[in-house]
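K.L.:
Structure file upload_10.cif (mmCIF, C-alpha atoms) right here:
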```cif
data_upload
loop_
_atom_site.label_atom_id
_atom_site.label_comp_id
_atom_site.auth_asym_id
_atom_site.auth_seq_id
_atom_site.Cartn_x
_atom_site.Cartn_y
_atom_site.Cartn_z
CA MET I 1 -90.01 60.06 110.42
CA SER I 2 -90.48 57.25 107.90
CA PHE I 3 -88.73 53.91 107.73
CA LEU I 4 -89.15 50.57 105.98
CA LEU I 5 -90.45 47.56 107.87
CA SER I 6 -89.34 44.20 106.47
CA LEU I 7 -91.79 41.29 106.78
CA SER I 8 -90.02 37.94 106.31
CA PRO I 9 -92.38 34.93 106.15
CA ALA I 10 -91.43 31.90 108.23
CA ASP I 11 -93.14 29.68 105.63
CA SER I 12 -95.49 30.04 102.70
CA LEU I 13 -98.33 32.54 103.20
CA PHE I 14 -102.07 32.42 102.66
CA THR I 15 -103.90 35.76 102.56
CA GLY I 16 -107.51 36.24 101.50
CA ASP I 17 -109.59 39.22 100.44
CA GLY I 18 -112.44 38.90 102.93
CA ARG I 19 -114.65 36.58 100.89
CA PRO I 20 -115.97 33.50 102.75
CA PHE I 21 -114.58 30.15 101.66
CA ASN I 22 -117.00 27.23 101.81
CA GLN I 23 -115.85 23.84 100.55
CA TYR I 24 -119.43 22.92 99.57
CA ASP I 25 -119.74 25.76 97.07
CA THR I 26 -119.49 24.53 93.50
CA GLY I 27 -116.37 25.84 91.78
CA ARG I 28 -114.79 27.08 95.03
CA ALA I 29 -112.89 23.99 96.01
CA ILE I 30 -109.66 25.90 95.36
CA ALA I 31 -108.90 28.98 97.46
CA ALA I 32 -106.08 31.05 95.96
CA SER I 33 -104.02 33.36 98.11
CA VAL I 34 -104.20 37.06 97.25
CA PHE I 35 -100.74 38.34 96.37
CA PRO I 36 -99.42 40.89 96.96
CA PRO I 37 -101.27 40.89 100.30
CA LEU I 38 -103.89 43.59 100.78
CA PRO I 39 -102.78 46.70 102.70
CA ASP I 40 -105.33 45.81 105.41
CA THR I 41 -103.37 42.63 106.20
CA LEU I 42 -100.05 44.46 106.17
CA TYR I 43 -101.42 47.22 108.40
CA GLY I 44 -102.47 44.75 111.08
CA ALA I 45 -99.11 42.99 111.09
CA ALA I 46 -97.10 46.25 111.06
CA ARG I 47 -99.24 47.74 113.83
CA VAL I 48 -98.71 44.75 116.12
CA ALA I 49 -94.97 44.59 115.38
CA CYS I 50 -94.42 48.29 116.06
CA ALA I 51 -96.54 48.16 119.22
CA ARG I 52 -94.27 45.38 120.46
CA ALA I 53 -91.28 47.61 119.71
CA LEU I 54 -92.87 50.32 121.88
CA GLY I 55 -93.13 47.98 124.84
CA TRP I 56 -96.43 46.14 124.43
CA ASP I 57 -96.19 42.57 125.77
CA GLY I 58 -98.52 41.10 123.14
CA ALA I 59 -101.50 40.70 125.49
CA GLY I 60 -103.89 43.03 127.23
CA GLU I 61 -104.56 46.72 126.69
CA TRP I 62 -102.08 49.19 125.27
CA GLY I 63 -100.78 51.84 127.60
CA ALA I 64 -101.60 55.51 127.06
CA ASP I 65 -98.23 56.24 125.42
CA ILE I 66 -98.62 53.44 122.89
CA ALA I 67 -102.28 54.28 122.21
CA ARG I 68 -101.30 57.89 121.46
CA ILE I 69 -99.15 56.65 118.55
CA MET I 70 -100.92 53.47 117.46
CA GLY I 71 -104.48 54.62 118.09
CA SER I 72 -107.35 52.48 119.36
CA TRP I 73 -110.34 50.67 117.91
CA ASP I 74 -112.44 53.84 117.76
CA LYS I 75 -109.74 56.48 117.25
CA GLN I 76 -106.91 56.68 114.71
CA GLY I 77 -103.44 57.51 116.00
CA HIS I 78 -100.39 58.93 114.24
CA PHE I 79 -99.36 55.50 112.93
CA GLU I 80 -99.83 54.83 109.21
CA ILE I 81 -98.23 52.73 106.51
CA SER I 82 -97.75 52.58 102.73
CA GLY I 83 -97.42 49.34 100.85
CA PRO I 84 -96.85 46.70 99.89
CA PHE I 85 -93.44 47.21 98.30
CA PHE I 86 -90.76 44.69 97.36
CA ARG I 87 -86.99 44.53 97.12
CA ALA I 88 -85.37 41.98 94.82
CA GLU I 89 -81.66 41.25 95.05
CA GLY I 90 -81.21 44.54 96.91
CA GLU I 91 -83.13 46.64 94.36
CA PRO I 92 -86.32 48.47 95.46
CA LEU I 93 -89.25 47.68 93.16
CA LEU I 94 -92.43 49.54 92.19
CA PRO I 95 -95.40 48.42 90.06
CA VAL I 96 -94.92 49.14 86.36
CA PRO I 97 -97.37 51.89 85.29
CA SER I 98 -100.28 50.26 83.47
CA HIS I 99 -100.13 52.68 80.52
CA ILE I 100 -96.66 51.41 79.53
CA VAL I 101 -96.39 48.72 76.83
CA LEU I 102 -93.38 46.84 75.51
CA GLN I 103 -92.90 46.96 71.73
CA SER I 104 -90.50 44.35 70.41
CA ASN I 105 -89.38 42.67 67.20
CA GLU I 106 -86.45 40.46 66.26
CA ALA I 107 -84.05 43.41 66.19
CA SER I 108 -85.02 45.61 69.13
CA MET I 109 -87.48 46.48 71.88
CA GLU I 110 -88.66 49.73 73.47
CA LEU I 111 -91.08 51.03 76.06
CA VAL I 112 -94.02 53.06 74.76
CA MET I 113 -96.43 55.21 76.77
CA ARG I 114 -100.10 55.00 75.81
CA THR I 115 -101.59 58.50 75.87
CA PRO I 116 -105.00 59.91 74.89
CA ALA I 117 -105.62 60.48 71.19
CA ASN I 118 -105.93 64.06 69.94
CA GLU I 119 -109.40 63.41 68.52
CA ALA I 120 -112.31 62.24 70.66
CA ILE I 121 -114.37 59.23 69.56
CA ARG I 122 -118.08 58.82 70.26
CA THR I 123 -118.69 55.90 72.64
CA ASP I 124 -121.48 54.69 74.93
CA LEU I 125 -119.90 56.89 77.62
CA GLY I 126 -119.92 59.94 75.37
CA LYS I 127 -117.00 61.40 73.44
CA LEU I 128 -113.71 60.06 74.80
CA ARG I 129 -110.06 60.43 73.87
CA LEU I 130 -109.15 56.76 73.84
CA PRO I 131 -105.54 55.64 74.31
CA GLU I 132 -103.42 55.25 71.23
CA ILE I 133 -100.08 53.68 70.41
CA PRO I 134 -97.67 55.17 67.85
CA PRO I 135 -97.67 53.34 64.49
CA TYR I 136 -95.57 50.19 64.35
CA GLU I 137 -94.69 47.48 61.84
CA GLU I 138 -96.75 44.33 61.44
CA SER I 139 -93.90 42.18 62.78
CA THR I 140 -93.77 44.19 66.02
CA LYS I 141 -95.41 42.82 69.17
CA CYS I 142 -97.08 45.04 71.76
CA GLN I 143 -97.27 43.55 75.24
CA SER I 144 -98.76 45.11 78.35
CA LEU I 145 -96.58 45.23 81.47
CA ALA I 146 -99.50 45.85 83.84
CA GLY I 147 -99.23 43.72 86.96
CA ARG I 148 -95.44 43.48 86.75
CA TRP I 149 -92.85 45.19 88.96
CA GLY I 150 -89.72 47.08 87.92
CA LYS I 151 -86.78 48.85 89.51
CA ALA I 152 -88.00 51.92 91.41
CA SER I 153 -85.31 54.12 89.84
CA ALA I 154 -86.52 53.24 86.34
CA ILE I 155 -90.21 53.75 87.21
CA LEU I 156 -89.52 57.20 88.68
CA SER I 157 -87.52 58.13 85.56
CA LEU I 158 -90.50 57.15 83.40
CA LEU I 159 -92.78 59.38 85.47
CA ALA I 160 -90.35 62.27 85.02
CA GLY I 161 -90.72 61.95 81.25
CA LYS I 162 -87.30 60.42 80.61
CA ASN I 163 -86.68 57.73 78.01
CA ILE I 164 -85.36 54.49 79.46
CA ALA I 165 -84.41 51.16 77.93
CA PRO I 166 -86.57 48.10 78.72
CA ASP I 167 -83.55 46.49 80.40
CA ASP I 168 -83.55 49.35 82.93
CA LEU I 169 -86.67 47.81 84.47
CA GLY I 170 -84.58 44.79 85.40
CA MET I 171 -85.61 41.14 85.57
CA PRO I 172 -84.91 38.03 87.63
CA ARG I 173 -81.42 36.61 87.18
CA GLN I 174 -82.70 33.32 85.76
CA HIS I 175 -84.17 35.30 82.83
CA SER I 176 -80.99 37.28 82.15
CA ILE I 177 -79.63 34.94 79.48
CA PRO I 178 -78.68 35.58 75.85
CA SER I 179 -81.66 35.32 73.49
CA GLN I 180 -81.92 32.15 71.43
CA PRO I 181 -83.38 31.78 67.91
CA ASN I 182 -87.12 31.00 67.84
CA VAL I 183 -87.37 31.51 71.62
CA PRO I 184 -89.65 34.36 72.81
CA LYS I 185 -87.83 37.12 74.64
CA PRO I 186 -88.76 37.32 78.32
CA LEU I 187 -90.77 40.31 79.45
CA ARG I 188 -88.87 42.88 81.47
CA GLY I 189 -89.61 43.34 85.15
CA TRP I 190 -90.84 40.83 87.74
CA SER I 191 -94.17 39.02 87.55
CA ILE I 192 -96.08 37.93 90.66
CA ASP I 193 -94.72 34.40 90.18
CA ASP I 194 -91.19 35.83 89.97
CA LEU I 195 -91.68 37.46 93.37
CA ALA I 196 -93.49 34.61 95.12
CA ALA I 197 -93.80 31.01 93.96
CA PRO I 198 -97.27 29.40 94.15
CA GLU I 199 -97.56 26.34 96.39
CA TYR I 200 -100.52 24.01 96.02
CA ARG I 201 -101.80 22.23 99.14
CA VAL I 202 -104.70 19.80 99.62
CA GLY I 203 -106.72 19.62 102.83
CA ILE I 204 -109.48 17.45 104.24
CA ALA I 205 -111.81 17.55 107.23
CA ARG I 206 -112.26 14.46 109.40
CA ASP I 207 -115.27 13.31 111.34
CA LYS I 208 -114.16 13.36 115.00
CA ALA I 209 -116.38 10.41 115.88
CA THR I 210 -115.44 8.01 113.09
CA ARG I 211 -112.06 9.57 112.16
CA MET I 212 -113.13 9.19 108.53
CA VAL I 213 -113.13 11.91 105.91
CA GLU I 214 -116.28 14.00 106.01
CA GLU I 215 -118.39 14.21 102.87
CA GLY I 216 -117.67 17.27 100.71
CA GLN I 217 -114.71 18.43 102.78
CA LEU I 218 -111.86 17.96 100.31
CA TYR I 219 -110.39 21.29 99.26
CA ALA I 220 -107.19 22.86 97.95
CA THR I 221 -105.37 26.11 98.71
CA VAL I 222 -102.76 28.00 96.76
CA ARG I 223 -100.20 29.63 99.05
CA ARG I 224 -97.32 31.93 98.15
CA ALA I 225 -93.66 31.62 99.14
CA LEU I 226 -91.26 34.52 98.54
CA ARG I 227 -88.48 33.70 96.09
CA PRO I 228 -84.88 33.75 97.36
CA GLY I 229 -83.56 37.32 97.40
CA VAL I 230 -87.06 38.89 97.54
CA GLU I 231 -88.16 40.99 100.54
CA MET I 232 -91.67 42.25 101.33
CA LEU I 233 -91.74 45.77 102.78
CA VAL I 234 -94.08 48.41 104.12
CA GLU I 235 -93.25 52.05 104.74
CA VAL I 236 -94.12 53.17 108.28
CA ASP I 237 -94.82 56.76 109.25
CA GLY I 238 -95.88 58.37 112.51
CA MET I 239 -93.26 56.94 114.88
CA ASP I 240 -89.50 56.96 115.37
CA TRP I 241 -87.29 54.25 113.94
CA PRO I 242 -87.21 51.34 116.47
CA GLU I 243 -83.59 50.32 116.99
CA ASP I 244 -84.06 46.67 118.04
CA LEU I 245 -87.17 45.42 116.28
CA ASP I 246 -87.22 41.67 115.68
CA VAL I 247 -90.56 40.04 116.50
CA ALA I 248 -92.81 37.34 115.07
CA VAL I 249 -96.41 38.35 114.30
CA GLN I 250 -99.36 36.45 112.87
CA PHE I 251 -99.99 37.16 109.21
CA GLY I 252 -102.93 36.15 107.04
CA GLY I 253 -104.80 32.86 107.40
CA GLU I 254 -103.99 29.32 108.55
CA SER I 255 -101.98 30.66 111.53
CA ARG I 256 -99.08 31.77 109.35
CA PHE I 257 -96.60 34.28 110.75
CA VAL I 258 -93.77 36.59 109.66
CA PHE I 259 -90.66 38.03 111.29
CA ALA I 260 -90.77 41.82 111.37
CA GLY I 261 -87.62 43.90 111.42
CA ALA I 262 -86.83 47.56 110.70
CA GLY I 263 -84.15 48.45 108.20
CA GLY I 264 -83.55 50.78 105.30
CA SER I 265 -84.87 54.19 104.41
CA ALA I 266 -88.30 54.92 102.98
CA VAL I 267 -89.13 54.98 99.26
CA SER I 268 -87.86 58.38 98.13
CA CYS I 269 -88.92 60.44 95.15
CA THR I 270 -87.89 63.98 94.24
CA GLU I 271 -90.86 65.35 92.32
CA SER I 272 -91.04 68.51 90.28
CA PRO I 273 -94.44 70.23 90.22
CA PRO I 274 -96.36 69.18 87.09
CA VAL I 275 -97.26 71.91 84.61
CA GLY I 276 -100.35 71.55 82.43
CA ASN I 277 -101.23 67.94 81.67
CA TYR I 278 -100.12 65.62 84.42
CA LEU I 279 -100.53 62.00 85.42
CA VAL I 280 -101.13 60.35 88.78
CA TYR I 281 -99.40 57.01 89.29
CA CYS I 282 -100.82 54.82 92.06
CA ALA I 283 -97.89 53.19 93.86
CA THR I 284 -100.27 51.29 96.17
CA PRO I 285 -103.93 50.23 95.72
CA VAL I 286 -106.53 53.01 96.03
CA VAL I 287 -109.97 52.68 97.63
CA MET I 288 -112.27 54.84 95.50
CA GLU I 289 -115.12 54.66 93.03
CA PRO I 290 -114.06 54.01 89.40
CA PRO I 291 -113.05 57.35 87.83
CA VAL I 292 -115.12 58.76 84.96
CA PRO I 293 -113.44 60.62 82.04
CA GLY I 294 -114.36 64.29 81.82
CA GLU I 295 -115.05 64.57 85.55
CA PRO I 296 -112.93 65.46 88.60
CA VAL I 297 -111.26 62.62 90.52
CA ALA I 298 -111.25 62.62 94.33
CA ASN I 299 -109.40 65.73 95.52
CA LEU I 300 -107.18 66.05 92.46
CA PRO I 301 -107.10 69.33 90.53
CA GLY I 302 -108.36 69.40 86.95
CA THR I 303 -110.40 66.75 85.16
CA LEU I 304 -109.72 63.18 84.06
CA VAL I 305 -108.91 62.65 80.38
CA MET I 306 -108.23 58.91 80.48
CA ALA I 307 -107.51 56.22 83.04
CA SER I 308 -105.31 53.16 82.51
CA ILE I 309 -106.44 50.53 85.03
CA SER I 310 -105.66 46.84 84.68
CA GLY I 311 -108.68 45.70 86.70
CA ILE I 312 -110.91 47.12 89.45
CA ALA I 313 -111.48 44.76 92.37
CA SER I 314 -114.20 44.61 95.00
CA HIS I 315 -112.96 43.81 98.50
CA SER I 316 -115.62 42.77 100.97
CA GLY I 317 -115.60 43.75 104.62
CA ARG I 318 -117.70 45.43 107.27
CA GLN I 319 -118.45 49.05 108.06
CA LYS I 320 -119.63 50.62 111.31
CA ASN I 321 -123.23 51.87 111.35
CA SER I 322 -123.76 55.61 111.50
CA ASP I 323 -125.09 55.37 115.05
CA GLY I 324 -121.89 53.63 116.16
CA LYS I 325 -123.75 50.46 117.14
CA GLY I 326 -122.80 47.28 115.30
CA SER I 327 -121.63 46.98 111.70
CA ARG I 328 -122.92 45.93 108.31
CA PRO I 329 -121.44 44.24 105.21
CA HIS I 330 -119.64 46.70 102.99
CA SER I 331 -117.76 46.37 99.70
CA ASN I 332 -114.83 48.61 98.75
CA MET I 333 -113.98 49.33 95.12
CA VAL I 334 -110.19 49.19 94.78
CA LEU I 335 -107.95 50.39 91.95
CA PRO I 336 -104.85 48.16 91.73
CA ALA I 337 -101.32 49.42 92.24
CA GLY I 338 -99.82 50.64 88.98
CA SER I 339 -103.03 52.36 87.83
CA VAL I 340 -102.51 55.66 86.02
CA LEU I 341 -104.85 58.65 85.82
CA LEU I 342 -104.10 61.12 83.01
CA MET I 343 -105.40 64.55 84.01
CA GLU I 344 -105.49 68.01 82.46
CA GLY I 345 -105.65 71.42 84.10
CA GLN I 346 -103.38 74.04 85.59
CA VAL I 347 -102.12 73.00 89.03
CA THR I 348 -99.84 74.08 91.85
CA PRO I 349 -98.08 71.78 94.36
CA SER I 350 -100.49 72.84 97.12
CA ASP I 351 -103.44 71.51 95.11
CA PHE I 352 -102.57 67.86 95.72
CA PRO I 353 -103.85 65.79 98.64
CA ALA I 354 -101.42 63.77 100.74
CA ARG I 355 -103.02 60.52 99.50
CA LEU I 356 -105.92 59.38 97.34
CA GLY I 357 -109.19 57.78 98.34
CA GLU I 358 -110.19 56.15 101.63
CA LYS I 359 -108.41 54.03 104.27
CA THR I 360 -105.18 55.87 103.50
CA HIS I 361 -103.69 55.25 106.96
CA MET I 362 -103.84 51.50 106.22
CA GLY I 363 -101.53 51.73 103.21
CA TYR I 364 -103.92 52.69 100.42
CA GLY I 365 -103.65 55.75 98.20
CA ARG I 366 -99.88 56.39 97.94
CA PHE I 367 -99.22 58.13 94.61
CA PHE I 368 -96.61 59.98 92.58
CA THR I 369 -97.16 62.57 89.88
CA GLY I 370 -95.63 62.84 86.43
CA GLU I 371 -96.14 64.40 83.03
CA TRP I 372 -97.68 63.28 79.75
CA LYS I 373 -97.87 64.93 76.35
#
```
Translate this structure into structure tokens?
P.N.:
Amino acid sequence: MSFLLSLSPADSLFTGDGRPFNQYDTGRAIAASVFPPLPDTLYGAARVACARALGWDGAGEWGADIARIMGSWDKQGHFEISGPFFRAEGEPLLPVPSHIVLQSNEASMELVMRTPANEAIRTDLGKLRLPEIPPYEESTKCQSLAGRWGKASAILSLLAGKNIAPDDLGMPRQHSIPSQPNVPKPLRGWSIDDLAAPEYRVGIARDKATRMVEEGQLYATVRRALRPGVEMLVEVDGMDWPEDLDVAVQFGGESRFVFAGAGGSAVSCTESPPVGNYLVYCATPVVMEPPVPGEPVANLPGTLVMASISGIASHSGRQKNSDGKGSRPHSNMVLPAGSVLLMEGQVTPSDFPARLGEKTHMGYGRFFTGEWK
């Protein structure tokens, strides 16, 4: 059974990506919070909250019944999550697919899907079918929507090959005003700043002996505070819906915490099996090596024609040694949510894996399929 877990911050949040922060390092005096938070952070908070709902007192070892569901440090249980997701003013949101652009002029605007060209072009990676956009007038602007969020119903309609209006993606209420002459039209959807406002804080370190400021210890952080009407959610699978879940759990850095509560059904999508050319839309980040056109991708059927990825990140961490003793530094290559893989090849529903890439139980690798022509 799946259900949504709401994580409501008690204050602004600060979440990192595993990189060390040293005030002495040149150019690193400002530490910006990663937003949306990484699935690793969400997994830890959701795991603690749900363990509390199962009877854990917050200290000591888990009992056998809880460990069977939640797992242990050396063995994975049934518990897994997907996320992060958001809900704005009651509307579920999903990342806008990165191959969608907004074409607009003074008279109108429309959403256009970038698809591979019919003819391959010789590049340093060999012959590739690069993305193309249908012809448009010189006065028309083309703007990428990668990194923005839109209404889940509109995103799923796009994946099904339906034509939707840009307004169907929705936007914050403060942007829903009549257009004015000589004023740029706001982009559709929600940006990261629309979901969570940045808050700038300055910190210092004091010498305990002299109570004076220590040399080189002035720094600044950028936290994030959810906007009014915005909820942060994760989808939980592997346990029954807890009826009375309302606990506070630590979240991210600087001893921040969130209130966790269960409510609402999981993100639903009725998919029809793709026929011929199909696309894979990453609803959450994916831990995998960068895909290469003309080659298979993970456990997906067919071969990759083109990938639309707004930016591949490297998240540092640690990995257990093969002998099980100790750990070593390890870097994960992560495709951001909203990435799109355009594939070709005959497929059947049974050909698809449950999720893509690694660390899938921690929220990575949730995807939907669609069609492209």
K.L.:
Once the PyMOL selection byres ((chain I and resi 80) around 9) is applied to the coordinates I shared, what remains selected? I want it as a compact mmCIF listing (two decimals) with C-alpha atoms, keeping the file's coordinate frame.
P.N.:
```txt
# COMPACT_ATOMS: atom_id res chain seq x y z
CA TYR I 43 -101.42 47.22 108.40
CA ARG I 47 -99.24 47.74 113.83
CA MET I 70 -100.92 53.47 117.46
CA GLY I 77 -103.44 57.51 116.00
CA HIS I 78 -100.39 58.93 114.24
CA PHE I 79 -99.36 55.50 112.93
CA ILE I 81 -98.23 52.73 106.51
CA SER I 82 -97.75 52.58 102.73
CA GLU I 235 -93.25 52.05 104.74
CA VAL I 236 -94.12 53.17 108.28
CA ASP I 237 -94.82 56.76 109.25
CA GLY I 238 -95.88 58.37 112.51
CA MET I 239 -93.26 56.94 114.88
CA THR I 360 -105.18 55.87 103.50
CA HIS I 361 -103.69 55.25 106.96
CA MET I 362 -103.84 51.50 106.22
CA GLY I 363 -101.53 51.73 103.21
```
K.L.:
In Å, with one decimal, what is the gap from atom CA of I:Ser191 to atom CA of I:Ala160?
P.N.:
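About the pair atom CA of I:Ser191 and atom CA of I:Ala160: they are 23.7 Å apart.
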K.L.:
Please indicate the distance in Å from atom CA of I:Met109 to atom CA of I:Thr140, rounded to one decimal place.
P.N.:
8.9 Å
K.L.:
Considering all atoms listed in the file, state which residue in the set I:Ala146, I:Ala225, I:Ala307, I:Leu111 is at the smallest distance from I:Pro131.
P.N.:
I:Ala307
K.L.:
I need the residue nearest I:Ala196 from this list: I:Met171, I:Leu226, I:Ala220, I:Met232. Use only C-alpha atoms for the distance.
P.N.:
I:Leu226
K.L.:
What gap, in Å, lies between atom CA of I:Met333 and atom CA of I:Ala88?
P.N.:
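Computing the Euclidean distance for atom CA of I:Met333 and atom CA of I:Ala88 yields 29.5 Å.
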K.L.:
Could you check the closest approach to I:Val249 for each of I:Arg201, I:Ile133, I:Pro285, I:Gly261 and tell me which residue wins, using all atoms listed in the file?
P.N.:
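Smallest distance to I:Val249 is found for I:Gly261.
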K.L.:
Can you tell me, as number ranges by chain, what residues are no more than 9 Å from I:Gln143 when counting only C-alpha atoms, ignoring any on the same chain fewer than 6 positions away?
P.N.:
I: 100-104, 187
K.L.:
Kindly save the residues from that selection, with C-alpha atoms included, as a PDB file, in the frame of the given file.
P.N.:
```pdb
ATOM      1  CA  ILE I 100     -96.660  51.410  79.530  1.00  0.00           C
ATOM      2  CA  VAL I 101     -96.390  48.720  76.830  1.00  0.00           C
ATOM      3  CA  LEU I 102     -93.380  46.840  75.510  1.00  0.00           C
ATOM      4  CA  GLN I 103     -92.900  46.960  71.730  1.00  0.00           C
ATOM      5  CA  SER I 104     -90.500  44.350  70.410  1.00  0.00           C
ATOM      6  CA  LEU I 187     -90.770  40.310  79.450  1.00  0.00           C
TER       7      LEU I 187
END
```
K.L.:
Which one of I:Leu130, I:Leu38, I:Leu342, I:Ala46 sits closest to I:Lys359 if you count only C-alpha atoms?
P.N.:
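Checking each candidate against I:Lys359, we get I:Leu38 as the closest.
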K.L.:
At most 12 Å from (-84.8, 50.8, 79.3), file frame, all atoms listed in the file: which residues, as a PyMOL selection string?
P.N.:
chain I and resi 100+102-103+108-112+150-151+153-155+157-158+162-171+188-189
K.L.:
Just write the chosen residues, C-alpha atoms, as a PDB file, keeping the file's coordinate frame.
P.N.:
```
ATOM      1  CA  ILE I 100     -96.660  51.410  79.530  1.00  0.00           C
ATOM      2  CA  LEU I 102     -93.380  46.840  75.510  1.00  0.00           C
ATOM      3  CA  GLN I 103     -92.900  46.960  71.730  1.00  0.00           C
ATOM      4  CA  SER I 108     -85.020  45.610  69.130  1.00  0.00           C
ATOM      5  CA  MET I 109     -87.480  46.480  71.880  1.00  0.00           C
ATOM      6  CA  GLU I 110     -88.660  49.730  73.470  1.00  0.00           C
ATOM      7  CA  LEU I 111     -91.080  51.030  76.060  1.00  0.00           C
ATOM      8  CA  VAL I 112     -94.020  53.060  74.760  1.00  0.00           C
ATOM      9  CA  GLY I 150     -89.720  47.080  87.920  1.00  0.00           C
ATOM     10  CA  LYS I 151     -86.780  48.850  89.510  1.00  0.00           C
ATOM     11  CA  SER I 153     -85.310  54.120  89.840  1.00  0.00           C
ATOM     12  CA  ALA I 154     -86.520  53.240  86.340  1.00  0.00           C
ATOM     13  CA  ILE I 155     -90.210  53.750  87.210  1.00  0.00           C
ATOM     14  CA  SER I 157     -87.520  58.130  85.560  1.00  0.00           C
ATOM     15  CA  LEU I 158     -90.500  57.150  83.400  1.00  0.00           C
ATOM     16  CA  LYS I 162     -87.300  60.420  80.610  1.00  0.00           C
ATOM     17  CA  ASN I 163     -86.680  57.730  78.010  1.00  0.00           C
ATOM     18  CA  ILE I 164     -85.360  54.490  79.460  1.00  0.00           C
ATOM     19  CA  ALA I 165     -84.410  51.160  77.930  1.00  0.00           C
ATOM     20  CA  PRO I 166     -86.570  48.100  78.720  1.00  0.00           C
ATOM     21  CA  ASP I 167     -83.550  46.490  80.400  1.00  0.00           C
ATOM     22  CA  ASP I 168     -83.550  49.350  82.930  1.00  0.00           C
ATOM     23  CA  LEU I 169     -86.670  47.810  84.470  1.00  0.00           C
ATOM     24  CA  GLY I 170     -84.580  44.790  85.400  1.00  0.00           C
ATOM     25  CA  MET I 171     -85.610  41.140  85.570  1.00  0.00           C
ATOM     26  CA  ARG I 188     -88.870  42.880  81.470  1.00  0.00           C
ATOM     27  CA  GLY I 189     -89.610  43.340  85.150  1.00  0.00           C
TER      28      GLY I 189
END
```
K.L.:
Would you list the residues near (-92.7, 40.4, 115.6), meaning any protein, DNA or RNA residue with an atom at most 7 Å from that point in file coordinates, counting all atoms listed in the file, as a list in words?
P.N.:
Ala49, Asp246, Val247, Ala248, Val249, Phe259 and Ala260 of chain I
K.L.:
Can you write just those residues out, C-alpha atoms, as a PDB file, in the coordinates of the input?
P.N.:
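Saved result, part_35.pdb, follows:
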```
ATOM      1  CA  ALA I  49     -94.970  44.590 115.380  1.00  0.00           C
ATOM      2  CA  ASP I 246     -87.220  41.670 115.680  1.00  0.00           C
ATOM      3  CA  VAL I 247     -90.560  40.040 116.500  1.00  0.00           C
ATOM      4  CA  ALA I 248     -92.810  37.340 115.070  1.00  0.00           C
ATOM      5  CA  VAL I 249     -96.410  38.350 114.300  1.00  0.00           C
ATOM      6  CA  PHE I 259     -90.660  38.030 111.290  1.00  0.00           C
ATOM      7  CA  ALA I 260     -90.770  41.820 111.370  1.00  0.00           C
TER       8      ALA I 260
END
```
K.L.:
Using all atoms listed in the file, can you tell me which of I:Leu54, I:Pro39, I:Ile121, I:Gly311 comes closest to I:Ile69?
P.N.:
I:Leu54
K.L.:
Run the PyMOL selection byres ((chain I and resi 95) around 7) mentally over the shown coordinates, then write out the matched residues as a CSV table (one decimal) with C-alpha atoms, in the coordinates of the input, using the chain letters and numbers from the document.
P.N.:
```csv
chain,number,residue,atom,x,y,z
I,93,LEU,CA,-89.2,47.7,93.2
I,94,LEU,CA,-92.4,49.5,92.2
I,96,VAL,CA,-94.9,49.1,86.4
I,97,PRO,CA,-97.4,51.9,85.3
I,147,GLY,CA,-99.2,43.7,87.0
I,148,ARG,CA,-95.4,43.5,86.8
I,149,TRP,CA,-92.8,45.2,89.0
I,150,GLY,CA,-89.7,47.1,87.9
I,283,ALA,CA,-97.9,53.2,93.9
I,337,ALA,CA,-101.3,49.4,92.2
I,338,GLY,CA,-99.8,50.6,89.0
```
